[in-house]
Amino acid sequence: GQSRPTKAAATGKGGGGGGAGQGNKKLEREKVRSFLEGLDLEQYHEQICEEGYDTIGRLLLVESDELKELGMKAGHRKQLLQQCQANRA
C-alpha cells in the first residue's frame, strides 16, 4: 500500500500553536525569521526560537524582560515589542 502523506496534511493553517510534524515547525520558524527580518533583527532568530518562541503566536506574547535575558539591546527590544503589540491588536 501507499502511505504518502497528503498535501493537505502538510499545510497547517492556524494561529501559531499546537503544530503537528516537523514540516510545520520548520515553517513556523521561517515565519518567525521573516517577522524578525522585517525589523532587521534576524540576528536574534536562533536565540528566540531556542527559548520557545518558535511560532508567531508565541513570539507575539514575548515580554521585555525575557528579551533582555537573551541579551537583546534596549532599542531592539522596544522595536520588537512595538511590532508584536501592533500585530496582536
# chains A, B, ... in the order shown; residues from 1 in each chain; ligands from 1
call {"tool": "residues_around", "arguments": {"residues": "Glu28 of chain A", "least_positions_apart": "2", "cutoff": "10 Å", "atoms": "only C-alpha atoms", "output": "PDB file with C-alpha atoms, in the first residue's frame"}}
result
ATOM      1  CA  GLY A  12      -1.249  23.510   8.706  1.00  0.00           C
ATOM      2  CA  GLY A  16       0.570  29.562  15.849  1.00  0.00           C
ATOM      3  CA  GLY A  17       0.020  26.893  18.491  1.00  0.00           C
ATOM      4  CA  GLY A  19       1.685  22.098  15.479  1.00  0.00           C
ATOM      5  CA  GLN A  22       8.442  18.695  11.739  1.00  0.00           C
ATOM      6  CA  GLY A  23       7.369  20.395   8.500  1.00  0.00           C
ATOM      7  CA  ASN A  24       5.028  22.684  10.405  1.00  0.00           C
ATOM      8  CA  LYS A  25       7.676  23.516  12.971  1.00  0.00           C
ATOM      9  CA  LYS A  26      10.148  24.457  10.257  1.00  0.00           C
ATOM     10  CA  GLU A  30      10.616  30.544   8.955  1.00  0.00           C
ATOM     11  CA  LYS A  31       7.639  32.817   9.706  1.00  0.00           C
ATOM     12  CA  VAL A  32       9.417  33.959  12.872  1.00  0.00           C
ATOM     13  CA  ARG A  33      12.582  34.562  10.838  1.00  0.00           C
ATOM     14  CA  SER A  34      10.650  36.626   8.276  1.00  0.00           C
ATOM     15  CA  CYS A  49      13.421  30.041  18.822  1.00  0.00           C
ATOM     16  CA  TYR A  53       9.223  31.496  20.801  1.00  0.00           C
ATOM     17  CA  ASP A  54       9.290  29.413  17.635  1.00  0.00           C
ATOM     18  CA  THR A  55       5.853  30.388  16.323  1.00  0.00           C
ATOM     19  CA  ILE A  56       4.392  33.805  15.559  1.00  0.00           C
ATOM     20  CA  GLY A  57       1.658  33.204  18.129  1.00  0.00           C
TER      21      GLY A  57
END
call {"tool": "closest_residue", "arguments": {"among": "A:Leu81, A:Arg88, A:Leu27, A:His76", "to": "Asp40 of chain A", "atoms": "only C-alpha atoms"}}
result
A:His76
call {"tool": "atom_distance", "arguments": {"atom1": "atom CA of Ser64 of chain A", "atom2": "atom CA of Lys78 of chain A"}}
result
7.8 Å
call {"tool": "atom_distance", "arguments": {"atom1": "atom CA of Leu59 of chain A", "atom2": "atom CA of Glu37 of chain A"}}
result
13.8 Å
call {"tool": "closest_residue", "arguments": {"among": "A:Arg29, A:Asp65, A:Met72, A:Asn87", "to": "Gln43 of chain A", "atoms": "only C-alpha atoms"}}
result
A:Met72
call {"tool": "closest_residue", "arguments": {"among": "A:Arg77, A:Leu36, A:His45, A:Gln83", "to": "Glu63 of chain A", "atoms": "only C-alpha atoms"}}
result
A:Arg77
call {"tool": "atom_distance", "arguments": {"atom1": "atom CA of Gln82 of chain A", "atom2": "atom CA of Val62 of chain A"}}
result
11.1 Å
call {"tool": "select_by_dssp", "arguments": {"residues": "segment 30-71 of chain A", "states": "alpha helix (DSSP H)", "output": "ChimeraX atom specification"}}
result
/A:30-38,45-50,56-59,64-69
call {"tool": "closest_residue", "arguments": {"among": "A:Leu61, A:Gly75, A:Leu70, A:Ala86", "to": "Glu46 of chain A", "atoms": "only C-alpha atoms"}}
result
A:Leu70
